[in-house]
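These notes concern the structure reproduced below.
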Amino acid sequence: MCKTAGCCQGCLHYAFDYETPKTLVIPNIRVGCVFRFTQLLVVLYVVGYVCVVQKAYQETDSLISTVTTKVKGFAFTNTSDIGPHLWDVAEYVIPPQGDNSFFVLTNMVVTPEQTESRCPELPNPLTTCVDDCDCIEGHSDPRGNGIQTGLCENYSTTVKTCEVLSWCPLEIDTKLPEPALLSAAENFTVLIKNSITYPKFNFQRRNILPHINSSYLKRCEFNRATDPDCPIFRLKHIVSEAGEEFQDMAVKGGILGILIDWSCDLDWWAKKCYPTYSFRRLDNKHPVNNVAPGYNFRFAKFYKKPDGEETRMLIKAYGIRFNVIVFGTCGVLAGRKIWNCTNHRKLGCSFVFSQFGACGC
Amino acid sequence: MCKTAGCCQGCLHYAFDYETPKTLVIPNIRVGCVFRFTQLLVVLYVVGYVCVVQKAYQETDSLISTVTTKVKGFAFTNTSDIGPHLWDVAEYVIPPQGDNSFFVLTNMVVTPEQTESRCPELPNPLTTCVDDCDCIEGHSDPRGNGIQTGLCENYSTTVKTCEVLSWCPLEIDTKLPEPALLSAAENFTVLIKNSITYPKFNFQRRNILPHINSSYLKRCEFNRATDPDCPIFRLKHIVSEAGEEFQDMAVKGGILGILIDWSCDLDWWAKKCYPTYSFRRLDNKHPVNNVAPGYNFRFAKFYKKPDGEETRMLIKAYGIRFNVIVFGTCGVLAGRKIWNCTNHRKLGCSFVFSQFGACGC
Amino acid sequence: MCKTAGCCQGCLHYAFDYETPKTLVIPNIRVGCVFRFTQLLVVLYVVGYVCVVQKAYQETDSLISTVTTKVKGFAFTNTSDIGPHLWDVAEYVIPPQGDNSFFVLTNMVVTPEQTESRCPELPNPLTTCVDDCDCIEGHSDPRGNGIQTGLCENYSTTVKTCEVLSWCPLEIDTKLPEPALLSAAENFTVLIKNSITYPKFNFQRRNILPHINSSYLKRCEFNRATDPDCPIFRLKHIVSEAGEEFQDMAVKGGILGILIDWSCDLDWWAKKCYPTYSFRRLDNKHPVNNVAPGYNFRFAKFYKKPDGEETRMLIKAYGIRFNVIVFGTCGVLAGRKIWNCTNHRKLGCSFVFSQFGACGC
């Protein structure tokens with residue numbers, strides 16, 4: 001090229017000439033149909049699956065969530081262990097903070113007036129003994145109740161067991177109250193307040209929707225059909241939505257997930273972003289392989305007697321732990337972030353700004 | 001082909017002949033410009049957006065984080081309910097563990113010396129009564145304060161309300177101390193220790209950066225301008241960075257997010273990986289639709305009198321819950337994982353190894 | 001086209017003619033080899049990296065997890081502060097709920113019989129004084145122990161310090177019991193129950209695998225070699241797997257992560273989905289820049305004396321916080337979701353249904 005004209009012009013031609021492949025047109029309608037059908041499949045995949053189903057053109061963000069919960073309700077019990085007792089929220093919600101995980105006490109085994117002393121172990125194949133030789137001083141079985149003193153004592157008139165150093169009397173948790181002690185807990189209600197943020201898009205929402213007013217909130221109760229937006233849930237309703245029976249679950253306890261799904265499409269043709277609630281039992285209630293089914297834990301209330309001796313009331317608490325699990329991804333047209341809200345604000349471009357209202361700018 | 005020469009050679013030709021489309025060169029500079037401009041757009045999109053902005057060539061990982069917090073400070077109060085009292089961390093941080101969520105008590109309504117007994121309900125349209133017929137024995141309204149006994153009693157000289165079985169005297173939480181009881185809490189400080197791991201890349205960091213020494217840590221205080229790396233935060237500063245007023249928030253409580261962003265690019269030309277702090281109020285302070293604004297919960301301290309009777313001090317605690325939210329994704333050139341650290345170590349390839357120092361190998 | 005024949009037929013031809021580029025075949029085996037080798041690289045990248053390594057054809061989901069933990073074991077201590085004492089789970093696990101984060105007390109500094117009163121500060125350069133002029137009334141240093149009264153008092157026969165209003169006597173936490181008070185905690189065991197759900201695919205699993213029976217669970221103990229599926233862990237074993245020494249860690253406390261990885265491939269040619277456990281120390285034990293190493297917090301037990309005066313026992317608790325961190329992504333052939341389980345059920349298509357068993361449909 002450089003021979004016929006100047007080298008520069010040749011290079012320019014090389015850079016700016018338009019190259020296109022020569023094509024051969026085959027005027028055969030069958031071959032053409034197959035060809036177009038293949039093209040159609042590709043277009044369908046891209047438009048239908050990649051764009052509509054997968055929304056691959058969107059950039060996504062995970063949410064930051066905060067949850068507060070407040071349980072309300074009362075229960076009155078009258079048992080031989082603790083006498084008549086009125087349970088209010090300060091006692092049956094443990095720990096008292098309404099976090100995204102809260103525990104409602106429904107049943108318990110109380111062992112009052114325990115003191116540090118010695119007493120014979122509960123009888124089982126490992127603890128029964130004939131004489132002191134069967135007991136090892138200082139031996140501590142994690143599955144037992146204390147540290148063996150090496151003595152073999154009468155547990156009852158018929159059974160002898162190794163004596164242990166422990167908090168005595170020992171807890172006997174084999175007889176669980178049935179129906180559950182606080183079976184009235186099914187009528188307790190819980191208010192769940194949840195605020196979410198998609199930090200990448202500076203988008204904020206809460207589960208108390210704008211159209212909900214205070215007077216409605218004072219009397220409403222969640223119901224998928226009639227009150228799907230009310231954030232106040234009756235415990236019995238939660239449990240039954242998860243496909244369980246409250247009174248069954250109350251006896252041995254369990255874990256219930258309250259799932260709040262905030263997945264939404266924030267592009268302007270789809271501004272709506274509402275939470276959807278679902279409920280699911282999270283622990284296993286499978287009858288096989290079920291060590292320690294349900295959910296329970298032990299805690300103690302310590303008292304000092306006037307003479308300075310420490311006694312405690314041991315409580316094995318059974319109940320339902322409610323875990324509020326908030327999840328969701330929010331999709332926005334990829335690239336929108338680059339020329340996004342903040343920039344628009346700076347430009348004072350209120351027209352564009354108004355378009356992005358959904359994005360919380 | 002198989003006719004003229006051997007079939008094998010024909011197949012070989014078929015497999016190894018180079019095919020290239022015939023092209024037609026159109027020496028028109030306008031068409032060429034449009035053609036090259038289109039190509040430029042594609043290159044810009046791929047290099048500029050896909051590579052530089054989106055870093056699509058990178059593999060990403062989410063982090064595992066652990067947070068411990070320790071609040072320090074004192075407050076002295078003198079109220080009629082509890083008398084002169086010195087508040088230290090063992091009392092105003094509830095629960096006491098410095099987890100990634102900690103609560104600092106700032107205000108409270110105390111109802112001392114409650115016992116299980118009977119007393120008239122607090123007056124409201126649902127509880128006021130004229131005679132016993134207005135009260136239903138055994139009725140328990142979750143929004144009330146106890147279980148009705150069926151009697152109608154004098155609440156004051158002018159109002160009669162239904163008597164309830166409850167912890168009496170009932171809590172009256174309408175008069176909240178203002179300014180907040182522990183308004184001195186604004187000067188409390190919190191040390192936040194945060195260690196993160198990107199498990200896929202075996203990369204570990206903590207928010208106490210290598211260049212920070214112990215003596216600096218003993219006197220420093222976070223300030224975005226002067227001390228951006230100090231992990232000790234004054235509560236007032238956190239709240240004001242979130243755009244709120246501490247004394248306002250202290251009265252009714254609230255939830256504050258301390259966001260630590262560890263997003264970083266671990267490729268070797270970008271080894272730096274520092275945390276950036278931001279603060280945000282997470283609960284809603286919107287004046288409309290605001291049931292139970294702020295953040296509070298009730299708990300009780302139980303005491304046994306010498307005669308064995310149980311009394312309790314009920315505390316409705318208002319305060320600020322600080323949620324430390326750690327997030328971030330870490331990007332590494334995709335595929336680097338395959339020939340990564342572990343393999344290099346095995347090969348003893350210390351040169352390549354040194355290049356990956358940022359990745360914590 | 002419209003001139004020679006009907007316009008419609010022309011359009012039809014335009015739409016259904018098959019176009020293919022004319023190609024030029026260069027029968028040069030060297031060029032051909034380079035060409036085929038390049039093609040091979042592309043195919044290798046797509047099949048080997050994108051499909052096999054990255055599994056880009058799969059759709060992934062993050063999990064929802066629930067964890068309960070139950071610690072068992074006893075420890076007997078005999079110290080001058082608190083006398084002989086038997087520690088059981090109700091005391092050394094704080095808070096008592098077996099959540100995904102639990103704390104086991106291993107060491108402590110006890111300050112019994114504190115009352116609100118005045119006492120001289122612990123001596124340090126900021127608190128020592130010569131006379132009252134060195135002390136400012138009302139001054140409260142967050143790093144000190146109380147609010148200064150303005151007096152300078154004898155701390156010992158040789159040192160004078162500013163008097164503070166505080167809970168006296170002040171805690172002296174410089175002498176930490178070594179070996180740790182509850183060094184026996186190394187033999188405690190913890191049962192971890194973990195259920196997971198991949199909500200997108202409705203896939204549920206738990207860490208007590210189907211082949212594990214109750215009697216095995218009563219005696220087993222996790223061991224990577226012999227009992228890799230047993231969900232009962234000895235604390236000492238966890239700590240040593242994380243590369244630490246239990247007795248060292250017990251003195252000042254620390255944070256240990258128990259990582260459960262549920263990553264799995266749910267496509268039908270890879271149905272297995274088991275948890276894998278790993279252990280990692282999460283806090284920093286770096287000797288440099290280490291403010292407040294380990295993990296501790298303060299809490300108090302409040303008592304009322306018969307005369308109504310409130311005393312407290314302040315406990316600075318050191319121990320190991322175990323964080324159970326559950327993670328994983330589950331991959332399923334993209335698009336499978338569209339014609340997934342629910343639809344199949346409706347169609348009653350039991351054959352296809354059986355194929356998706358792994359997906360928990």
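Ordering of the structure tokens sets the chain letters (A, B, ...); residue numbers start at 1 within each chain; ligands are numbered from 1 in the order shown.
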
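Those residues of region 228-317 of chain B that DSSP, working from the backbone, places in alpha helix (DSSP H) are Leu235, Lys236, His237, Ile238, Val239, Ser240, Glu241, Phe246, Gln247, Asp248, Met249, Ala250, Val251 and Lys252 of chain B.
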
Got a sec to pull out which chain B residues are within 7 Å of chain A, counting only C-alpha atoms, and send them as an NGL selection string?
-> :B and (21-29 or 31-33 or 35-36 or 140 or 142-143 or 146 or 166 or 282-283 or 289-291 or 297-300 or 306)

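Least-squares superposition of chain B onto chain A, taking every C-alpha atom paired in order, leaves an RMSD of 0.1 Å.
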
Can you work out the spacing between CA of Gln54 (chain A) and CA of Val332 (chain C) in Å, to one decimal?
-> 14.1 Å

DSSP says strand (DSSP E or B) for which residues of region 227-340 of chain A? Put them as an mmCIF file with C-alpha atoms, in the first residue's frame?
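Output file states33.cif is given in full below:
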```
data_model
loop_
_atom_site.group_PDB
_atom_site.id
_atom_site.type_symbol
_atom_site.label_atom_id
_atom_site.label_comp_id
_atom_site.auth_asym_id
_atom_site.auth_seq_id
_atom_site.Cartn_x
_atom_site.Cartn_y
_atom_site.Cartn_z
ATOM 1 C CA ASP A 227 -54.355 -8.824 57.770
ATOM 2 C CA ILE A 232 -48.369 -8.452 65.491
ATOM 3 C CA PHE A 233 -48.439 -12.238 65.634
ATOM 4 C CA ARG A 234 -50.276 -14.567 67.984
ATOM 5 C CA GLY A 254 -38.554 -26.237 69.929
ATOM 6 C CA ILE A 255 -37.234 -23.656 67.541
ATOM 7 C CA LEU A 256 -39.428 -21.733 65.162
ATOM 8 C CA GLY A 257 -38.208 -19.575 62.338
ATOM 9 C CA ILE A 258 -40.089 -16.429 61.416
ATOM 10 C CA LEU A 259 -38.786 -15.727 57.942
ATOM 11 C CA ILE A 260 -39.150 -12.267 56.486
ATOM 12 C CA ASP A 261 -38.341 -12.089 52.813
ATOM 13 C CA CYS A 264 -37.349 -7.044 45.579
ATOM 14 C CA ASP A 265 -36.749 -5.505 42.236
ATOM 15 C CA THR A 276 -43.510 -11.483 53.035
ATOM 16 C CA TYR A 277 -43.705 -13.601 56.147
ATOM 17 C CA SER A 278 -43.340 -17.333 56.376
ATOM 18 C CA PHE A 279 -42.978 -19.686 59.291
ATOM 19 C CA ARG A 280 -41.027 -22.884 59.586
ATOM 20 C CA ARG A 281 -40.004 -25.212 62.356
ATOM 21 C CA ASN A 296 -34.386 -26.502 76.858
ATOM 22 C CA PHE A 297 -31.702 -25.039 79.034
ATOM 23 C CA ARG A 298 -30.971 -24.760 82.720
ATOM 24 C CA PHE A 299 -30.569 -21.633 84.752
ATOM 25 C CA ALA A 300 -30.572 -20.855 88.430
ATOM 26 C CA LYS A 301 -31.801 -18.075 90.670
ATOM 27 C CA PHE A 302 -29.430 -17.578 93.574
ATOM 28 C CA TYR A 303 -30.552 -16.452 97.007
ATOM 29 C CA LYS A 304 -28.628 -15.778 100.170
ATOM 30 C CA GLU A 310 -26.284 -19.594 99.335
ATOM 31 C CA THR A 311 -29.242 -21.531 98.020
ATOM 32 C CA ARG A 312 -30.518 -21.640 94.506
ATOM 33 C CA MET A 313 -33.630 -22.547 92.605
ATOM 34 C CA LEU A 314 -32.634 -24.564 89.531
ATOM 35 C CA ILE A 315 -34.954 -24.228 86.585
ATOM 36 C CA LYS A 316 -34.826 -26.465 83.553
ATOM 37 C CA ALA A 317 -36.658 -24.258 81.125
ATOM 38 C CA TYR A 318 -38.454 -25.694 78.111
ATOM 39 C CA GLY A 319 -39.871 -23.349 75.565
ATOM 40 C CA ILE A 320 -40.001 -22.102 72.035
ATOM 41 C CA ARG A 321 -37.155 -20.072 70.638
ATOM 42 C CA PHE A 322 -38.350 -17.834 67.866
ATOM 43 C CA ASN A 323 -35.665 -16.826 65.389
ATOM 44 C CA VAL A 324 -36.547 -13.915 63.178
ATOM 45 C CA ILE A 325 -34.570 -14.484 59.991
ATOM 46 C CA VAL A 326 -34.549 -11.590 57.576
ATOM 47 C CA PHE A 327 -33.255 -12.154 54.094
ATOM 48 C CA THR A 329 -31.641 -9.446 47.703
ATOM 49 C CA CYS A 330 -32.510 -6.297 45.922
ATOM 50 C CA GLY A 331 -31.820 -5.911 42.238
ATOM 51 C CA VAL A 332 -31.149 -2.712 40.366
ATOM 52 C CA LEU A 333 -30.221 -2.266 36.678
#
```

Interatomic distance (Å, one decimal) between CA of His237 (chain C) and CA of Ala185 (chain C) | 11.5 Å
